$ cat coords12.pdb   # PDB, C-alpha atoms
MODEL        1
ATOM      1  CA  MET A   1      27.412  16.806  -3.752
ATOM      2  CA  GLY A   2      23.927  18.218  -4.196
ATOM      3  CA  GLU A   3      21.445  18.097  -1.387
ATOM      4  CA  GLY A   4      18.642  15.639  -2.041
ATOM      5  CA  LYS A   5      15.102  15.934  -0.858
ATOM      6  CA  THR A   6      14.499  14.104   2.423
ATOM      7  CA  LEU A   7      11.852  11.434   2.028
ATOM      8  CA  PRO A   8       9.506  10.507   4.867
ATOM      9  CA  THR A   9       9.029   7.192   6.617
ATOM     10  CA  TYR A  10       5.395   6.104   6.944
ATOM     11  CA  PHE A  11       4.080   4.679  10.232
ATOM     12  CA  CYS A  12       0.905   3.019  11.493
ATOM     13  CA  ARG A  13      -1.330   5.790  12.837
ATOM     14  CA  ASN A  14      -2.614   3.448  15.550
ATOM     15  CA  CYS A  15       0.685   2.248  17.094
ATOM     16  CA  ALA A  16       3.560   4.087  15.308
ATOM     17  CA  ASN A  17       5.007   0.860  13.837
ATOM     18  CA  PRO A  18       7.139   1.748  10.739
ATOM     19  CA  LEU A  19       5.426   0.488   7.582
ATOM     20  CA  ALA A  20       7.019   1.963   4.463
ATOM     21  CA  LEU A  21       9.816   4.206   3.220
ATOM     22  CA  GLY A  22       9.261   7.298   1.108
ATOM     23  CA  GLU A  23      11.550   5.902  -1.582
ATOM     24  CA  ASP A  24       9.084   3.020  -2.030
ATOM     25  CA  LEU A  25       6.082   5.301  -2.663
ATOM     26  CA  ILE A  26       4.808   4.669  -6.198
ATOM     27  CA  SER A  27       1.528   6.626  -6.284
ATOM     28  CA  LYS A  28      -0.787   8.735  -4.125
ATOM     29  CA  LYS A  29      -3.688   8.304  -6.559
ATOM     30  CA  PHE A  30      -5.411   5.226  -5.167
ATOM     31  CA  LEU A  31      -8.718   4.859  -3.386
ATOM     32  CA  GLY A  32      -9.275   2.612  -0.375
ATOM     33  CA  ALA A  33     -12.326   1.883   1.767
ATOM     34  CA  SER A  34     -11.724   5.007   3.903
ATOM     35  CA  GLY A  35     -10.708   7.331   1.050
ATOM     36  CA  PRO A  36      -7.332   8.206  -0.488
ATOM     37  CA  ALA A  37      -4.625   5.542  -0.443
ATOM     38  CA  PHE A  38      -0.956   5.248  -1.401
ATOM     39  CA  MET A  39       0.714   2.516  -3.443
ATOM     40  CA  PHE A  40       4.113   1.280  -2.251
ATOM     41  CA  SER A  41       6.524  -1.121  -3.928
ATOM     42  CA  HIS A  42       7.476  -2.544  -0.507
ATOM     43  CA  ALA A  43       5.995  -2.583   2.989
ATOM     44  CA  MET A  44       7.544  -3.708   6.278
ATOM     45  CA  ASN A  45       6.173  -4.867   9.616
ATOM     46  CA  VAL A  46       2.944  -6.079   8.034
ATOM     47  CA  VAL A  47       1.058  -9.361   8.027
ATOM     48  CA  VAL A  48      -0.376 -10.437   4.684
ATOM     49  CA  GLY A  49      -3.699 -12.232   4.957
ATOM     50  CA  PRO A  50      -5.138 -14.975   2.752
ATOM     51  CA  LYS A  51      -5.585 -14.450  -0.977
ATOM     52  CA  VAL A  52      -9.099 -13.547  -2.151
ATOM     53  CA  GLU A  53     -10.548 -12.542  -5.483
ATOM     54  CA  ARG A  54     -11.936  -9.023  -5.281
ATOM     55  CA  LYS A  55     -13.613  -6.680  -7.773
ATOM     56  CA  LEU A  56     -11.984  -3.238  -7.537
ATOM     57  CA  ILE A  57     -12.499  -0.034  -9.538
ATOM     58  CA  THR A  58     -10.095  -1.061 -12.315
ATOM     59  CA  GLY A  59     -11.086  -4.731 -12.545
ATOM     60  CA  SER A  60     -10.882  -8.107 -10.837
ATOM     61  CA  TYR A  61      -7.789  -9.002  -8.848
ATOM     62  CA  VAL A  62      -6.461 -11.578  -6.433
ATOM     63  CA  VAL A  63      -5.526  -9.521  -3.377
ATOM     64  CA  ALA A  64      -4.590 -10.106   0.246
ATOM     65  CA  ASP A  65      -5.473  -7.786   3.111
ATOM     66  CA  VAL A  66      -2.484  -6.211   4.857
ATOM     67  CA  MET A  67      -2.461  -5.677   8.632
ATOM     68  CA  CYS A  68      -0.003  -3.983  10.988
ATOM     69  CA  SER A  69       2.198  -6.636  12.614
ATOM     70  CA  LYS A  70       2.155  -4.792  15.954
ATOM     71  CA  CYS A  71      -1.490  -3.750  16.533
ATOM     72  CA  GLY A  72      -3.378  -5.803  13.914
ATOM     73  CA  GLU A  73      -5.021  -2.770  12.257
ATOM     74  CA  THR A  74      -6.143  -3.500   8.688
ATOM     75  CA  LEU A  75      -4.174  -1.044   6.563
ATOM     76  CA  GLY A  76      -5.072  -1.920   2.980
ATOM     77  CA  TRP A  77      -4.177  -4.721   0.589
ATOM     78  CA  LYS A  78      -1.479  -6.305  -1.540
ATOM     79  CA  TYR A  79      -2.071  -7.026  -5.219
ATOM     80  CA  VAL A  80      -1.246 -10.692  -5.790
ATOM     81  CA  GLU A  81      -2.538 -11.271  -9.327
ATOM     82  CA  THR A  82      -4.387  -9.392 -12.040
ATOM     83  CA  PHE A  83      -6.365 -10.740 -14.976
ATOM     84  CA  ASP A  84      -5.773  -7.629 -17.126
ATOM     85  CA  LEU A  85      -2.331  -7.337 -18.730
ATOM     86  CA  ARG A  86      -2.560  -3.519 -18.565
ATOM     87  CA  GLN A  87      -2.768  -3.730 -14.752
ATOM     88  CA  ARG A  88       0.074  -6.222 -14.324
ATOM     89  CA  TYR A  89       2.405  -3.528 -12.902
ATOM     90  CA  LYS A  90       0.320  -3.633  -9.694
ATOM     91  CA  GLU A  91       1.217  -7.239  -8.885
ATOM     92  CA  GLY A  92       3.262  -7.404  -5.683
ATOM     93  CA  MET A  93       2.463  -3.777  -4.760
ATOM     94  CA  PHE A  94       0.949  -2.649  -1.454
ATOM     95  CA  VAL A  95      -1.916  -0.153  -1.147
ATOM     96  CA  ILE A  96      -2.195   1.473   2.284
ATOM     97  CA  GLU A  97      -4.988   3.862   3.154
ATOM     98  CA  LYS A  98      -3.875   7.412   3.948
ATOM     99  CA  LEU A  99      -6.036   7.591   7.095
ATOM    100  CA  LYS A 100      -4.109   4.610   8.520
ATOM    101  CA  LEU A 101      -0.719   6.346   8.123
ATOM    102  CA  THR A 102       1.395   9.058   9.684
ATOM    103  CA  LYS A 103       4.708  10.189   8.292
ATOM    104  CA  LYS A 104       7.896  11.553   9.778
ATOM    105  CA  TYR A 105      10.945  13.075   8.132
TER     106      TYR A 105
ENDMDL
END
$ encode --input "coords12.pdb" --output "structure tokens"
Amino acid sequence: MGEGKTLPTYFCRNCANPLALGEDLISKKFLGASGPAFMFSHAMNVVVGPKVERKLITGSYVVADVMCSKCGETLGWKYVETFDLRQRYKEGMFVIEKLKLTKKY
């Protein structure tokens, strides 16, 4: 058996609540309100807010804000729907701002 690379677990910077697994990290090339952000295929221990239509850099989307279930910190958003077929891969994905995260191996 070969040794695999250990992937981190991502936590809320405010309260250390676990939010996402390294294996669910899709991209580190997103931009949130506070700067760089990561896209995850899944998130845990979050509360998804109401759906709203929002204009983002790559177009218009229906999104929902995502908050930590423990401390209530707004972490980023979830893509609910896109109106551009080229952006459809984002639907159901979570974007969490880097400044809101810590990671542990």
$ resolve_selection --input "coords12.pdb" --expression "the PyMOL selection byres ((chain A and resi 19-32) around 8)" --output "list in words"
Leu7, Pro8, Thr9, Tyr10, Phe11, Cys12, Asn17, Pro18, Ala33, Ser34, Gly35, Pro36, Ala37, Phe38, Met39, Phe40, Ser41, His42, Ala43, Met44, Asn45, Val46, Cys68, Gly76, Val95, Ile96 and Glu97 of chain A
$ write_last_selection --input "coords12.pdb" --atoms "C-alpha atoms" --output "PDB file, in the frame of the given file"
ATOM      1  CA  LEU A   7      11.852  11.434   2.028  1.00  0.00           C
ATOM      2  CA  PRO A   8       9.506  10.507   4.867  1.00  0.00           C
ATOM      3  CA  THR A   9       9.029   7.192   6.617  1.00  0.00           C
ATOM      4  CA  TYR A  10       5.395   6.104   6.944  1.00  0.00           C
ATOM      5  CA  PHE A  11       4.080   4.679  10.232  1.00  0.00           C
ATOM      6  CA  CYS A  12       0.905   3.019  11.493  1.00  0.00           C
ATOM      7  CA  ASN A  17       5.007   0.860  13.837  1.00  0.00           C
ATOM      8  CA  PRO A  18       7.139   1.748  10.739  1.00  0.00           C
ATOM      9  CA  ALA A  33     -12.326   1.883   1.767  1.00  0.00           C
ATOM     10  CA  SER A  34     -11.724   5.007   3.903  1.00  0.00           C
ATOM     11  CA  GLY A  35     -10.708   7.331   1.050  1.00  0.00           C
ATOM     12  CA  PRO A  36      -7.332   8.206  -0.488  1.00  0.00           C
ATOM     13  CA  ALA A  37      -4.625   5.542  -0.443  1.00  0.00           C
ATOM     14  CA  PHE A  38      -0.956   5.248  -1.401  1.00  0.00           C
ATOM     15  CA  MET A  39       0.714   2.516  -3.443  1.00  0.00           C
ATOM     16  CA  PHE A  40       4.113   1.280  -2.251  1.00  0.00           C
ATOM     17  CA  SER A  41       6.524  -1.121  -3.928  1.00  0.00           C
ATOM     18  CA  HIS A  42       7.476  -2.544  -0.507  1.00  0.00           C
ATOM     19  CA  ALA A  43       5.995  -2.583   2.989  1.00  0.00           C
ATOM     20  CA  MET A  44       7.544  -3.708   6.278  1.00  0.00           C
ATOM     21  CA  ASN A  45       6.173  -4.867   9.616  1.00  0.00           C
ATOM     22  CA  VAL A  46       2.944  -6.079   8.034  1.00  0.00           C
ATOM     23  CA  CYS A  68      -0.003  -3.983  10.988  1.00  0.00           C
ATOM     24  CA  GLY A  76      -5.072  -1.920   2.980  1.00  0.00           C
ATOM     25  CA  VAL A  95      -1.916  -0.153  -1.147  1.00  0.00           C
ATOM     26  CA  ILE A  96      -2.195   1.473   2.284  1.00  0.00           C
ATOM     27  CA  GLU A  97      -4.988   3.862   3.154  1.00  0.00           C
TER      28      GLU A  97
END
$ closest_residue --input "coords12.pdb" --among "A:Leu75, A:Leu85, A:Val62, A:Met67" --to "A:Gly49" --atoms "all atoms listed in the file"
A:Met67
$ atom_distance --input "coords12.pdb" --atom1 "atom CA of A:Tyr79" --atom2 "atom CA of A:Ile57"
13.3 Å
$ resolve_selection --input "coords12.pdb" --expression "the PyMOL selection byres ((chain A and resi 65) around 9)" --output "PyMOL selection string"
chain A and resi 47-52+63-64+66-67+74-78
$ atom_distance --input "coords12.pdb" --atom1 "atom CA of A:Tyr105" --atom2 "atom CA of A:Lys70"
21.4 Å
$ residues_around --input "coords12.pdb" --residues "A:Arg88" --least-positions-apart "5" --cutoff "10 Å" --atoms "only C-alpha atoms" --output "list of chain:residue names"
A:Tyr61, A:Tyr79, A:Val80, A:Glu81, A:Thr82, A:Phe83
$ resolve_selection --input "coords12.pdb" --expression "the PyMOL selection byres ((chain A and resi 14) around 9)" --output "tab-separated table (two decimals) with C-alpha atoms, in the frame of the given file"
chain	number	residue	atom	x	y	z
A	11	PHE	CA	4.08	4.68	10.23
A	12	CYS	CA	0.90	3.02	11.49
A	13	ARG	CA	-1.33	5.79	12.84
A	15	CYS	CA	0.68	2.25	17.09
A	16	ALA	CA	3.56	4.09	15.31
A	17	ASN	CA	5.01	0.86	13.84
A	71	CYS	CA	-1.49	-3.75	16.53
A	73	GLU	CA	-5.02	-2.77	12.26
A	100	LYS	CA	-4.11	4.61	8.52
A	101	LEU	CA	-0.72	6.35	8.12
$ atom_distance --input "coords12.pdb" --atom1 "atom CA of A:Gly72" --atom2 "atom CA of A:Arg54"
21.3 Å
$ decode --input "coords12.pdb" --residues "stretch 73-87 of chain A" --atoms "all heavy atoms" --output "short mmCIF file (atom, residue, chain, number, x, y, z; two decimals), in the first residue's frame"
data_model
loop_
_atom_site.label_atom_id
_atom_site.label_comp_id
_atom_site.auth_asym_id
_atom_site.auth_seq_id
_atom_site.Cartn_x
_atom_site.Cartn_y
_atom_site.Cartn_z
N GLU A 73 -21.60 32.67 12.77
CA GLU A 73 -20.75 33.47 11.87
C GLU A 73 -21.13 33.19 10.41
O GLU A 73 -21.30 32.05 10.00
CB GLU A 73 -19.29 33.09 12.09
CG GLU A 73 -18.31 33.78 11.18
CD GLU A 73 -17.99 35.20 11.58
OE1 GLU A 73 -18.27 35.58 12.73
OE2 GLU A 73 -17.47 35.95 10.74
N THR A 74 -21.30 34.26 9.62
CA THR A 74 -21.54 34.08 8.19
C THR A 74 -20.23 33.68 7.54
O THR A 74 -19.22 34.37 7.68
CB THR A 74 -22.10 35.37 7.56
OG1 THR A 74 -23.35 35.68 8.19
CG2 THR A 74 -22.32 35.21 6.06
N LEU A 75 -20.24 32.55 6.86
CA LEU A 75 -19.03 31.95 6.31
C LEU A 75 -18.87 32.17 4.81
O LEU A 75 -17.76 32.24 4.30
CB LEU A 75 -19.03 30.45 6.58
CG LEU A 75 -19.18 30.02 8.04
CD1 LEU A 75 -19.51 28.54 8.12
CD2 LEU A 75 -17.93 30.35 8.81
N GLY A 76 -19.99 32.25 4.11
CA GLY A 76 -19.96 32.34 2.65
C GLY A 76 -21.36 32.07 2.12
O GLY A 76 -22.34 32.52 2.69
N TRP A 77 -21.44 31.29 1.04
CA TRP A 77 -22.74 31.03 0.43
C TRP A 77 -22.77 29.67 -0.24
O TRP A 77 -21.75 29.04 -0.46
CB TRP A 77 -23.10 32.11 -0.59
CG TRP A 77 -22.19 32.15 -1.79
CD1 TRP A 77 -22.35 31.48 -2.97
CD2 TRP A 77 -20.97 32.88 -1.93
NE1 TRP A 77 -21.31 31.75 -3.82
CE2 TRP A 77 -20.45 32.61 -3.21
CE3 TRP A 77 -20.26 33.75 -1.10
CZ2 TRP A 77 -19.26 33.17 -3.67
CZ3 TRP A 77 -19.08 34.30 -1.56
CH2 TRP A 77 -18.59 34.02 -2.83
N LYS A 78 -23.99 29.24 -0.54
CA LYS A 78 -24.23 28.02 -1.31
C LYS A 78 -24.87 28.42 -2.62
O LYS A 78 -25.81 29.21 -2.64
CB LYS A 78 -25.16 27.07 -0.54
CG LYS A 78 -25.48 25.80 -1.28
CD LYS A 78 -26.42 24.89 -0.49
CE LYS A 78 -26.70 23.62 -1.27
NZ LYS A 78 -27.59 22.72 -0.54
N TYR A 79 -24.36 27.87 -3.73
CA TYR A 79 -24.99 28.09 -5.03
C TYR A 79 -26.23 27.21 -5.11
O TYR A 79 -26.13 25.99 -4.98
CB TYR A 79 -24.05 27.72 -6.17
CG TYR A 79 -22.94 28.71 -6.41
CD1 TYR A 79 -21.65 28.48 -5.96
CD2 TYR A 79 -23.19 29.89 -7.10
CE1 TYR A 79 -20.63 29.38 -6.20
CE2 TYR A 79 -22.17 30.80 -7.34
CZ TYR A 79 -20.90 30.54 -6.89
OH TYR A 79 -19.88 31.43 -7.13
N VAL A 80 -27.38 27.81 -5.33
CA VAL A 80 -28.63 27.06 -5.44
C VAL A 80 -29.00 26.86 -6.91
O VAL A 80 -29.37 25.77 -7.33
CB VAL A 80 -29.77 27.77 -4.68
CG1 VAL A 80 -31.08 27.03 -4.85
CG2 VAL A 80 -29.41 27.92 -3.20
N GLU A 81 -28.89 27.93 -7.69
CA GLU A 81 -29.28 27.86 -9.11
C GLU A 81 -28.48 28.86 -9.91
O GLU A 81 -28.17 29.95 -9.44
CB GLU A 81 -30.77 28.16 -9.24
CG GLU A 81 -31.32 28.02 -10.64
CD GLU A 81 -32.81 28.34 -10.73
OE1 GLU A 81 -33.42 28.70 -9.71
OE2 GLU A 81 -33.34 28.25 -11.85
N THR A 82 -28.16 28.49 -11.15
CA THR A 82 -27.50 29.41 -12.06
C THR A 82 -28.35 29.55 -13.32
O THR A 82 -29.12 28.66 -13.65
CB THR A 82 -26.08 28.92 -12.44
OG1 THR A 82 -25.51 29.84 -13.36
CG2 THR A 82 -26.10 27.55 -13.07
N PHE A 83 -28.19 30.68 -13.99
CA PHE A 83 -28.94 30.93 -15.22
C PHE A 83 -28.06 30.75 -16.45
O PHE A 83 -28.50 30.93 -17.56
CB PHE A 83 -29.56 32.33 -15.17
CG PHE A 83 -30.43 32.51 -13.95
CD1 PHE A 83 -29.99 33.27 -12.87
CD2 PHE A 83 -31.66 31.89 -13.85
CE1 PHE A 83 -30.78 33.42 -11.74
CE2 PHE A 83 -32.45 32.03 -12.73
CZ PHE A 83 -32.01 32.79 -11.67
N ASP A 84 -26.80 30.38 -16.23
CA ASP A 84 -25.82 30.18 -17.31
C ASP A 84 -25.42 28.70 -17.30
O ASP A 84 -24.87 28.21 -16.32
CB ASP A 84 -24.61 31.07 -17.05
CG ASP A 84 -23.52 30.96 -18.11
OD1 ASP A 84 -23.56 30.01 -18.93
OD2 ASP A 84 -22.63 31.83 -18.12
N LEU A 85 -25.70 28.01 -18.38
CA LEU A 85 -25.40 26.57 -18.45
C LEU A 85 -23.93 26.27 -18.20
O LEU A 85 -23.59 25.22 -17.67
CB LEU A 85 -25.84 26.00 -19.79
CG LEU A 85 -27.35 25.97 -20.05
CD1 LEU A 85 -27.64 25.45 -21.45
CD2 LEU A 85 -28.04 25.12 -19.01
N ARG A 86 -23.03 27.19 -18.57
CA ARG A 86 -21.60 26.97 -18.36
C ARG A 86 -21.22 27.00 -16.88
O ARG A 86 -20.17 26.51 -16.50
CB ARG A 86 -20.77 28.02 -19.12
CG ARG A 86 -20.91 27.90 -20.64
CD ARG A 86 -20.30 29.07 -21.32
NE ARG A 86 -21.09 30.26 -20.92
CZ ARG A 86 -20.77 31.50 -21.25
NH1 ARG A 86 -19.70 31.75 -21.95
NH2 ARG A 86 -21.53 32.50 -20.87
N GLN A 87 -22.07 27.57 -16.04
CA GLN A 87 -21.79 27.67 -14.61
C GLN A 87 -22.58 26.64 -13.79
O GLN A 87 -22.52 26.63 -12.57
CB GLN A 87 -22.13 29.08 -14.11
CG GLN A 87 -21.37 30.19 -14.80
CD GLN A 87 -19.87 30.11 -14.56
OE1 GLN A 87 -19.42 29.76 -13.48
NE2 GLN A 87 -19.10 30.43 -15.59
#
